[in-house]
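model.cif follows; it contains mmCIF, C-alpha atoms and all ligand atoms.
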data_target
#
loop_
_atom_site.group_PDB
_atom_site.id
_atom_site.type_symbol
_atom_site.label_atom_id
_atom_site.label_comp_id
_atom_site.auth_asym_id
_atom_site.auth_seq_id
_atom_site.Cartn_x
_atom_site.Cartn_y
_atom_site.Cartn_z
ATOM 1 C CA MET A 15 190.047 27.308 44.375
ATOM 2 C CA SER A 16 191.064 25.023 41.595
ATOM 3 C CA ARG A 17 189.475 21.694 41.178
ATOM 4 C CA ASN A 18 190.879 18.660 39.481
ATOM 5 C CA GLN A 19 187.547 17.362 38.169
ATOM 6 C CA PHE A 20 184.948 18.998 35.972
ATOM 7 C CA ARG A 21 181.909 19.943 37.956
ATOM 8 C CA THR A 22 179.020 17.545 37.840
ATOM 9 C CA VAL A 23 175.303 18.132 37.849
ATOM 10 C CA SER A 24 172.514 15.609 37.532
ATOM 11 C CA GLU A 25 169.158 16.484 36.133
ATOM 12 C CA GLN A 26 166.006 14.539 35.664
ATOM 13 C CA GLU A 27 164.956 14.201 32.063
ATOM 14 C CA ASN A 28 161.940 12.131 31.167
ATOM 15 C CA GLY A 29 162.132 10.348 34.476
ATOM 16 C CA GLN A 30 165.793 9.498 34.035
ATOM 17 C CA TRP A 31 168.700 11.054 35.916
ATOM 18 C CA VAL A 32 171.176 12.437 33.440
ATOM 19 C CA ARG A 33 174.625 13.532 34.505
ATOM 20 C CA TYR A 34 176.288 16.550 32.935
ATOM 21 C CA ARG A 35 179.838 17.773 33.288
ATOM 22 C CA LEU A 36 180.122 21.523 33.438
ATOM 23 C CA LEU A 37 182.622 24.131 32.383
ATOM 24 C CA ALA A 38 182.205 27.841 33.091
ATOM 25 C CA CYS A 39 183.616 30.791 31.200
ATOM 26 C CA ARG A 40 184.397 34.061 32.944
ATOM 27 C CA CYS A 41 181.685 35.672 30.771
ATOM 28 C CA GLY A 42 179.075 33.536 32.541
ATOM 29 C CA ALA A 43 178.542 31.073 29.699
ATOM 30 C CA GLU A 44 178.322 27.490 30.836
ATOM 31 C CA GLY A 45 179.220 24.479 28.767
ATOM 32 C CA ARG A 46 177.869 21.085 29.547
ATOM 33 C CA ILE A 47 178.626 17.637 28.291
ATOM 34 C CA ARG A 48 176.475 14.655 28.920
ATOM 35 C CA ASP A 49 178.453 12.117 30.892
ATOM 36 C CA THR A 50 176.820 8.727 30.460
ATOM 37 C CA SER A 51 179.711 6.704 31.701
ATOM 38 C CA ALA A 52 179.081 4.433 34.657
ATOM 39 C CA ARG A 53 181.813 6.198 36.527
ATOM 40 C CA LEU A 54 182.727 9.871 36.115
ATOM 41 C CA LEU A 55 184.571 10.527 32.857
ATOM 42 C CA PRO A 56 188.191 11.483 33.571
ATOM 43 C CA VAL A 57 189.541 14.903 32.810
ATOM 44 C CA SER A 58 191.305 14.314 29.545
ATOM 45 C CA PRO A 59 188.413 12.983 27.360
ATOM 46 C CA LEU A 60 186.127 15.634 28.801
ATOM 47 C CA ALA A 61 188.615 18.381 28.062
ATOM 48 C CA GLU A 62 188.946 16.995 24.552
ATOM 49 C CA ALA A 63 185.145 17.030 24.166
ATOM 50 C CA PHE A 64 184.943 20.661 25.307
ATOM 51 C CA ARG A 65 187.736 21.611 22.905
ATOM 52 C CA ARG A 66 185.860 19.945 20.043
ATOM 53 C CA ALA A 67 182.837 22.049 21.039
ATOM 54 C CA GLY A 68 184.943 25.181 20.564
ATOM 55 C CA TRP A 69 186.179 25.825 24.092
ATOM 56 C CA THR A 70 189.777 26.857 24.623
ATOM 57 C CA ASN A 71 192.071 27.060 27.665
ATOM 58 C CA VAL A 72 190.127 24.102 28.960
ATOM 59 C CA LYS A 73 190.856 23.201 32.606
ATOM 60 C CA PRO A 74 188.540 21.378 34.990
ATOM 61 C CA ASP A 75 187.711 24.578 36.854
ATOM 62 C CA ARG A 76 187.551 27.062 34.004
ATOM 63 C CA GLY A 77 187.649 27.447 30.245
ATOM 64 C CA THR A 78 187.049 30.009 27.554
ATOM 65 C CA CYS A 79 183.719 29.611 25.806
ATOM 66 C CA PRO A 80 183.512 29.450 21.992
ATOM 67 C CA SER A 81 182.295 33.031 21.619
ATOM 68 C CA CYS A 82 185.001 34.403 23.920
ATOM 69 C CA SER A 83 187.562 32.295 22.040
ATOM 70 C CA ALA A 84 186.549 33.655 18.664
ATOM 71 C CA PRO A 85 188.920 36.315 17.429
ATOM 72 C CA LYS A 86 187.533 39.734 18.197
ATOM 73 C CA PRO A 87 186.155 41.328 15.076
ATOM 74 C CA LYS A 88 188.388 44.151 13.985
ATOM 75 C CA PRO A 89 186.840 47.471 14.866
ATOM 76 C CA ILE A 90 185.409 49.024 11.760
ATOM 77 C CA PRO A 91 187.454 52.135 11.133
ATOM 78 C CA GLN A 92 185.311 55.174 11.731
ATOM 79 C CA GLU A 93 184.704 57.101 8.596
ATOM 80 C CA LYS A 94 186.259 60.501 9.004
ATOM 81 C CA PRO A 95 183.511 63.070 9.022
ATOM 82 C CA VAL A 96 183.546 64.763 5.697
ATOM 83 C CA MET A 97 184.664 68.324 6.197
ATOM 84 C CA ALA A 98 182.602 70.666 4.155
ATOM 85 C CA VAL A 99 185.059 72.914 2.399
ATOM 86 C CA GLU A 100 183.614 76.348 2.544
ATOM 87 C CA PRO A 101 184.426 78.854 -0.163
ATOM 88 C CA PRO A 102 186.787 81.573 1.056
ATOM 89 C CA ARG A 103 184.978 84.407 2.783
ATOM 90 C CA GLN A 104 184.418 87.416 0.575
ATOM 91 C CA PRO A 105 184.558 91.016 1.829
ATOM 92 C CA ASN A 106 181.129 92.566 2.274
ATOM 93 C CA THR A 107 180.312 96.192 1.578
ATOM 94 C CA GLU A 108 181.289 97.285 5.097
ATOM 95 C CA ASP A 109 184.649 95.426 4.882
ATOM 96 C CA LYS A 110 185.381 97.092 1.539
ATOM 97 C CA ARG A 111 184.559 100.518 2.938
ATOM 98 C CA ARG A 112 186.829 100.057 5.974
ATOM 99 C CA ILE A 113 189.705 98.778 3.795
ATOM 100 C CA ARG A 114 189.347 101.730 1.393
ATOM 101 C CA GLU A 115 189.371 104.180 4.306
ATOM 102 C CA ALA A 116 192.474 102.602 5.824
ATOM 103 C CA LEU A 117 194.268 102.682 2.471
ATOM 104 C CA PHE A 118 193.481 106.363 1.935
ATOM 105 C CA ALA A 119 194.629 107.054 5.512
ATOM 106 C CA HIS A 120 197.921 105.149 5.339
ATOM 107 C CA TYR A 121 199.024 104.986 1.719
ATOM 108 C CA LEU A 122 201.130 107.874 0.392
ATOM 109 C CA GLU A 123 200.056 108.061 -3.235
ATOM 110 C CA ASP A 124 202.717 110.650 -4.135
ATOM 111 C CA LYS A 125 205.527 108.501 -2.721
ATOM 112 C CA GLY A 126 204.027 105.238 -3.979
ATOM 113 C CA CYS A 127 204.355 103.501 -0.609
ATOM 114 C CA TYR A 128 202.647 103.082 2.758
ATOM 115 C CA ALA A 129 203.368 105.719 5.405
ATOM 116 C CA LYS A 130 205.747 104.707 8.228
ATOM 117 C CA ALA A 131 205.673 100.914 8.697
ATOM 118 C CA HIS A 132 202.149 100.283 7.422
ATOM 119 C CA SER A 133 201.615 97.389 5.010
ATOM 120 C CA ASP A 134 198.859 95.219 3.544
ATOM 121 C CA ARG A 135 199.498 92.864 6.465
ATOM 122 C CA SER A 136 199.340 95.512 9.212
ATOM 123 C CA VAL A 137 196.205 97.083 7.728
ATOM 124 C CA GLY A 138 194.585 93.641 7.469
ATOM 125 C CA GLN A 139 195.478 92.909 11.092
ATOM 126 C CA SER A 140 194.143 96.215 12.386
ATOM 127 C CA LEU A 141 190.842 95.713 10.512
ATOM 128 C CA ASN A 142 190.781 91.996 11.337
ATOM 129 C CA VAL A 143 190.398 90.993 7.689
ATOM 130 C CA PRO A 144 192.612 88.769 5.505
ATOM 131 C CA PHE A 145 195.517 90.852 4.195
ATOM 132 C CA ALA A 146 194.778 89.462 0.720
ATOM 133 C CA TRP A 147 191.644 91.631 0.728
ATOM 134 C CA VAL A 148 193.803 94.667 1.440
ATOM 135 C CA SER A 149 196.191 93.725 -1.391
ATOM 136 C CA ALA A 150 193.285 93.293 -3.802
ATOM 137 C CA THR A 151 191.721 96.621 -2.823
ATOM 138 C CA ARG A 152 195.082 98.457 -2.998
ATOM 139 C CA GLU A 153 195.595 97.139 -6.525
ATOM 140 C CA ALA A 154 191.987 97.804 -7.555
ATOM 141 C CA LEU A 155 192.299 101.423 -6.369
ATOM 142 C CA GLY A 156 195.500 101.867 -8.355
ATOM 143 C CA PHE A 157 197.789 102.550 -5.391
ATOM 144 C CA GLY A 158 201.449 101.595 -5.631
ATOM 145 C CA PRO A 159 203.137 98.430 -4.371
ATOM 146 C CA ASP A 160 203.058 96.962 -0.837
ATOM 147 C CA VAL A 161 206.148 98.823 0.391
ATOM 148 C CA ASN A 162 206.482 101.462 3.096
ATOM 149 C CA GLU A 163 208.619 104.392 4.177
ATOM 150 C CA ALA A 164 210.328 102.467 6.963
ATOM 151 C CA ALA A 165 211.412 99.734 4.581
ATOM 152 C CA SER A 166 212.435 102.306 1.971
ATOM 153 C CA ALA A 167 214.511 104.214 4.536
ATOM 154 C CA PHE A 168 216.098 100.993 5.707
ATOM 155 C CA ASN A 169 216.788 99.907 2.141
ATOM 156 C CA SER A 170 218.264 103.248 1.133
ATOM 157 C CA GLU A 171 220.504 103.338 4.242
ATOM 158 C CA VAL A 172 221.706 99.797 3.545
ATOM 159 C CA GLY A 173 222.217 100.701 -0.108
ATOM 160 C CA ALA A 174 224.238 103.827 0.770
ATOM 161 C CA ILE A 175 226.547 101.963 3.149
ATOM 162 C CA ARG A 176 227.010 99.157 0.641
ATOM 163 C CA GLN A 177 228.007 101.717 -2.011
ATOM 164 C CA SER A 178 230.512 103.413 0.335
ATOM 165 C CA LEU A 179 232.075 100.069 1.092
ATOM 166 C CA THR A 180 232.473 99.259 -2.603
ATOM 167 C CA ASP A 181 233.950 102.694 -3.320
ATOM 168 C CA LEU A 182 236.484 102.337 -0.495
ATOM 169 C CA GLN A 183 237.512 98.851 -1.668
ATOM 170 C CA ASP A 184 238.070 100.194 -5.218
ATOM 171 C CA GLU A 185 240.102 103.092 -3.860
ATOM 172 C CA VAL A 186 242.335 100.841 -1.746
ATOM 173 C CA LEU A 187 242.931 98.432 -4.640
ATOM 174 C CA LYS A 188 243.827 101.295 -6.985
ATOM 175 C CA LEU A 189 246.199 102.794 -4.417
ATOM 176 C CA VAL A 190 247.969 99.474 -3.829
ATOM 177 C CA ALA A 191 248.237 98.804 -7.567
ATOM 178 C CA ASN A 192 249.742 102.245 -8.216
ATOM 179 C CA ARG A 193 252.245 101.892 -5.392
ATOM 180 C CA CYS A 194 253.296 98.429 -6.629
ATOM 181 C CA ASP A 195 253.790 99.776 -10.169
ATOM 182 C CA GLU A 196 255.905 102.592 -8.869
ATOM 183 C CA LEU A 197 258.164 100.320 -6.815
ATOM 184 C CA GLU A 198 258.540 97.860 -9.715
ATOM 185 C CA LYS A 199 259.604 100.656 -12.083
ATOM 186 C CA ARG A 200 262.250 101.899 -9.625
ATOM 187 C CA LEU A 201 263.509 98.368 -9.098
ATOM 188 C CA ASN A 202 263.777 97.739 -12.864
ATOM 189 C CA ALA A 203 265.620 100.985 -13.411
ATOM 190 C CA ILE A 204 268.150 100.231 -10.687
ATOM 191 C CA GLU A 205 268.668 96.641 -11.903
ATOM 192 C CA ARG A 206 269.150 97.797 -15.527
ATOM 193 C CA ALA A 207 271.851 100.211 -14.403
ATOM 194 C CA GLY A 208 273.638 97.249 -12.803
ATOM 195 C CA TYR A 209 276.018 97.056 -9.849
ATOM 196 C CA LYS A 210 278.954 99.375 -10.380
ATOM 197 C CA GLY A 211 280.956 98.349 -7.360
ATOM 198 C CA ALA A 212 283.159 100.620 -5.373
ATOM 199 C CA ALA A 213 285.043 103.040 -7.471
HETATM 200 ZN ZN ZN B 301 182.750 33.364 27.425
#
Can the structure in the file be given as structure tokens, please?
Ligand SMILES: [Zn+2]
Amino acid sequence: MSRNQFRTVSEQENGQWVRYRLLACRCGAEGRIRDTSARLLPVSPLAEAFRRAGWTNVKPDRGTCPSCSAPKPKPIPQEKPVMAVEPPRQPNTEDKRRIREALFAHYLEDKGCYAKAHSDRSVGQSLNVPFAWVSATREALGFGPDVNEAASAFNSEVGAIRQSLTDLQDEVLKLVANRCDELEKRLNAIERAGYKGAA
């Protein structure tokens, strides 16, 4: 229910009745202004007095107290927790042993490649260790590069087909060139002889 007058309360102070005009904030804070006029002070000077005291949105039935009116302090940005950067994990003796065993099992030293489709990556995955450890061990043990039979077979098949294609293209071009030469020579010979007409 809205009111059109500021609330009034009278209190006894030192044997005198003193009248106060009240204004409440939704936070529970209450503002009061001593109203010593013979008759009740009208709304507008009271509102002005509350505004001077720091109140905002001043209406007879409700206002915003100075602390609620103050701009909210900006939240202090939370410092990001500092992530401790751990040094990369190093293989322990057991890791090294398992990697060596896997390399001897899957690397074909005579062919200089992994058997089948094995690779640093697949060995690392099967042992659940970073494949960089496998690469380092393979190199330290003097094995060949990180290639495998499957890739080699694929590469050699692709290479063979590519070569056949090139050979066939050369052959066709040579054939066409020869045939063109031949026809040009015949044409020249006939033209040089000239048209003799009907005898
Ligand atoms: Zn308030």
Subject >> Best match for closeness to Ser136 (chain A) among A:Leu37, A:Ile113, A:Cys82, A:Leu179, counting all atoms listed in the file >> reply: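 Closest residue, counting all atoms listed in the file: A:Ile113.
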Subject >> Nearest to Trp69 (chain A), chosen from A:Asn18, A:Ser81, A:Asn192, A:Thr151, with only C-alpha atoms counted in the distances >> reply: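 Checking each candidate against Trp69 (chain A), we get A:Ser81 as the closest.
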Would you mind listing, for every residue of chain A within 9 Å of ligand ZN 301 (chain B), the two atoms forming the shortest contact and the distance between them in Å to one decimal, using all atoms listed in the file, sorted by chain and ascending residue number, as a Markdown table?
| residue | atom | partner | partner_atom | distance |
| --- | --- | --- | --- | --- |
| A:Ala38 | CA | B:ZN301 | ZN | 7.9 |
| A:Cys39 | CA | B:ZN301 | ZN | 4.6 |
| A:Arg40 | CA | B:ZN301 | ZN | 5.8 |
| A:Cys41 | CA | B:ZN301 | ZN | 4.2 |
| A:Gly42 | CA | B:ZN301 | ZN | 6.3 |
| A:Ala43 | CA | B:ZN301 | ZN | 5.3 |
| A:Glu44 | CA | B:ZN301 | ZN | 8.1 |
| A:Trp69 | CA | B:ZN301 | ZN | 8.9 |
| A:Gly77 | CA | B:ZN301 | ZN | 8.2 |
| A:Thr78 | CA | B:ZN301 | ZN | 5.5 |
| A:Cys79 | CA | B:ZN301 | ZN | 4.2 |
| A:Pro80 | CA | B:ZN301 | ZN | 6.7 |
| A:Ser81 | CA | B:ZN301 | ZN | 5.8 |
| A:Cys82 | CA | B:ZN301 | ZN | 4.3 |
| A:Ser83 | CA | B:ZN301 | ZN | 7.3 |
Original post:
Using all atoms listed in the file, which of the listed residues (A:Lys130, A:Phe118, A:Arg135, A:Leu189) sits closest to Phe157 (chain A)?
Top reply: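 For Phe157 (chain A), the nearest of the candidates is A:Phe118.
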The PyMOL selection byres (((chain A and resi 165-167) around 10) and not hetatm) - which residues does that actually catch in the file I just gave you? List them as a compact mmCIF listing (two decimals) with C-alpha atoms, in the frame of the given file.
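Done, and the output landed in selection.txt:
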# COMPACT_ATOMS: atom_id res chain seq x y z
CA CYS A 127 204.36 103.50 -0.61
CA TYR A 128 202.65 103.08 2.76
CA LYS A 130 205.75 104.71 8.23
CA ALA A 131 205.67 100.91 8.70
CA HIS A 132 202.15 100.28 7.42
CA VAL A 161 206.15 98.82 0.39
CA ASN A 162 206.48 101.46 3.10
CA GLU A 163 208.62 104.39 4.18
CA ALA A 164 210.33 102.47 6.96
CA PHE A 168 216.10 100.99 5.71
CA ASN A 169 216.79 99.91 2.14
CA SER A 170 218.26 103.25 1.13
CA GLU A 171 220.50 103.34 4.24
CA VAL A 172 221.71 99.80 3.54
CA GLY A 173 222.22 100.70 -0.11
**OP:** Run through the PyMOL selection byres (((chain A and resi 32) around 12) and not hetatm) on the given coordinates and return the selected residues as a ChimeraX atom specification.
**Re:** /A:22-31,33-35,46-52
Output of the above residues as an mmCIF file, in the frame of the given file, restricted to C-alpha atoms:
data_model
loop_
_atom_site.group_PDB
_atom_site.id
_atom_site.type_symbol
_atom_site.label_atom_id
_atom_site.label_comp_id
_atom_site.auth_asym_id
_atom_site.auth_seq_id
_atom_site.Cartn_x
_atom_site.Cartn_y
_atom_site.Cartn_z
ATOM 1 C CA THR A 22 179.020 17.545 37.840
ATOM 2 C CA VAL A 23 175.303 18.132 37.849
ATOM 3 C CA SER A 24 172.514 15.609 37.532
ATOM 4 C CA GLU A 25 169.158 16.484 36.133
ATOM 5 C CA GLN A 26 166.006 14.539 35.664
ATOM 6 C CA GLU A 27 164.956 14.201 32.063
ATOM 7 C CA ASN A 28 161.940 12.131 31.167
ATOM 8 C CA GLY A 29 162.132 10.348 34.476
ATOM 9 C CA GLN A 30 165.793 9.498 34.035
ATOM 10 C CA TRP A 31 168.700 11.054 35.916
ATOM 11 C CA ARG A 33 174.625 13.532 34.505
ATOM 12 C CA TYR A 34 176.288 16.550 32.935
ATOM 13 C CA ARG A 35 179.838 17.773 33.288
ATOM 14 C CA ARG A 46 177.869 21.085 29.547
ATOM 15 C CA ILE A 47 178.626 17.637 28.291
ATOM 16 C CA ARG A 48 176.475 14.655 28.920
ATOM 17 C CA ASP A 49 178.453 12.117 30.892
ATOM 18 C CA THR A 50 176.820 8.727 30.460
ATOM 19 C CA SER A 51 179.711 6.704 31.701
ATOM 20 C CA ALA A 52 179.081 4.433 34.657
#
Kindly list the centre and edge lengths in Å, rounded to one decimal, for the axis-aligned box that covers all listed atoms of region 60-64 of chain A plus 8 Å on each of its six sides, as lines of an AutoDock Vina configuration file.
center_x = 186.9
center_y = 18.1
center_z = 26.5
size_x = 20.0
size_y = 21.0
size_z = 20.6
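The coordinates place CA of Lys73 (chain A) at 19.7 Å from CA of Arg53 (chain A).
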**OP:** Name the residues that the PyMOL selection byres (((chain A and resi 103) around 12) and not hetatm) pulls out of this structure, and write them as a list in words.
**Re:**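 Going through the file, the PyMOL selection byres (((chain A and resi 103) around 12) and not hetatm) ends up selecting Val99, Glu100, Pro101, Pro102, Gln104, Pro105, Asn106, Asp109, Val143, Pro144, Ala146 and Trp147 of chain A.
The shell of residues at most 10 Å from Arg17 (chain A), with all atoms listed in the file counted and near chain neighbours (fewer than 6 positions) removed, consists of Lys73, Pro74, Asp75 and Arg76 of chain A.
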Subject >> Between CA of Arg21 (chain A) and CA of Val72 (chain A) - distance in Å to one decimal >> reply: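 Interatomic distance here is 12.9 Å.
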Subject >> Atomic separation - CA of Thr107 (chain A) relative to CA of Glu153 (chain A), Å >> reply: 17.3 Å
Keeping C-alpha atoms (and nothing else), can you write region 120-188 of chain A of this structure as a short mmCIF file (atom, residue, chain, number, x, y, z; two decimals), in the first residue's frame?
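Saved to out.cif:
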data_model
loop_
_atom_site.label_atom_id
_atom_site.label_comp_id
_atom_site.auth_asym_id
_atom_site.auth_seq_id
_atom_site.Cartn_x
_atom_site.Cartn_y
_atom_site.Cartn_z
CA HIS A 120 58.20 -56.18 -33.19
CA TYR A 121 61.13 -54.55 -34.95
CA LEU A 122 62.69 -56.42 -37.88
CA GLU A 123 66.33 -55.42 -37.64
CA ASP A 124 67.25 -57.09 -40.95
CA LYS A 125 64.52 -55.24 -42.85
CA GLY A 126 65.02 -51.99 -40.94
CA CYS A 127 61.32 -51.58 -40.16
CA TYR A 128 58.60 -52.67 -37.75
CA ALA A 129 56.84 -55.96 -38.49
CA LYS A 130 53.31 -55.73 -39.95
CA ALA A 131 51.69 -52.43 -38.92
CA HIS A 132 53.60 -51.87 -35.68
CA SER A 133 55.01 -48.40 -35.01
CA ASP A 134 56.39 -46.26 -32.20
CA ARG A 135 52.82 -45.07 -31.67
CA SER A 136 51.21 -48.54 -31.56
CA VAL A 137 53.92 -49.88 -29.23
CA GLY A 138 53.49 -46.85 -26.96
CA GLN A 139 49.73 -47.37 -26.90
CA SER A 140 49.97 -51.08 -26.12
CA LEU A 141 52.41 -50.39 -23.25
CA ASN A 142 50.49 -47.28 -22.18
CA VAL A 143 53.58 -45.08 -22.33
CA PRO A 144 54.25 -41.92 -24.38
CA PHE A 145 55.32 -42.95 -27.89
CA ALA A 146 58.23 -40.50 -27.58
CA TRP A 147 59.76 -42.94 -25.09
CA VAL A 148 59.50 -45.69 -27.69
CA SER A 149 61.12 -43.45 -30.33
CA ALA A 150 63.96 -42.58 -27.96
CA THR A 151 64.56 -46.22 -27.03
CA ARG A 152 64.40 -47.37 -30.68
CA GLU A 153 67.04 -44.79 -31.59
CA ALA A 154 69.16 -45.53 -28.52
CA LEU A 155 69.16 -49.25 -29.39
CA GLY A 156 70.24 -48.48 -32.95
CA PHE A 157 67.14 -49.88 -34.68
CA GLY A 158 66.06 -48.39 -37.99
CA PRO A 159 63.44 -45.71 -38.62
CA ASP A 160 59.79 -45.66 -37.49
CA VAL A 161 58.43 -47.39 -40.60
CA ASN A 162 56.73 -50.76 -40.96
CA GLU A 163 56.10 -53.55 -43.44
CA ALA A 164 52.49 -52.56 -44.06
CA ALA A 165 53.49 -49.02 -44.96
CA SER A 166 56.40 -50.29 -47.05
CA ALA A 167 54.12 -52.69 -48.94
CA PHE A 168 51.59 -49.94 -49.48
CA ASN A 169 54.29 -47.53 -50.62
CA SER A 170 55.88 -50.03 -52.99
CA GLU A 171 52.47 -50.94 -54.50
CA VAL A 172 51.65 -47.26 -54.99
CA GLY A 173 55.11 -46.68 -56.43
CA ALA A 174 54.77 -49.59 -58.88
CA ILE A 175 51.38 -48.42 -60.17
CA ARG A 176 52.64 -44.86 -60.49
CA GLN A 177 55.59 -46.10 -62.56
CA SER A 178 53.32 -48.17 -64.85
CA LEU A 179 51.14 -45.15 -65.42
CA THR A 180 54.13 -42.99 -66.37
CA ASP A 181 55.47 -45.68 -68.71
CA LEU A 182 52.11 -46.03 -70.46
CA GLN A 183 51.78 -42.25 -70.89
CA ASP A 184 55.28 -42.11 -72.45
CA GLU A 185 54.42 -44.99 -74.77
CA VAL A 186 51.17 -43.38 -75.95
CA LEU A 187 52.87 -40.02 -76.56
CA LYS A 188 55.67 -41.67 -78.55
#
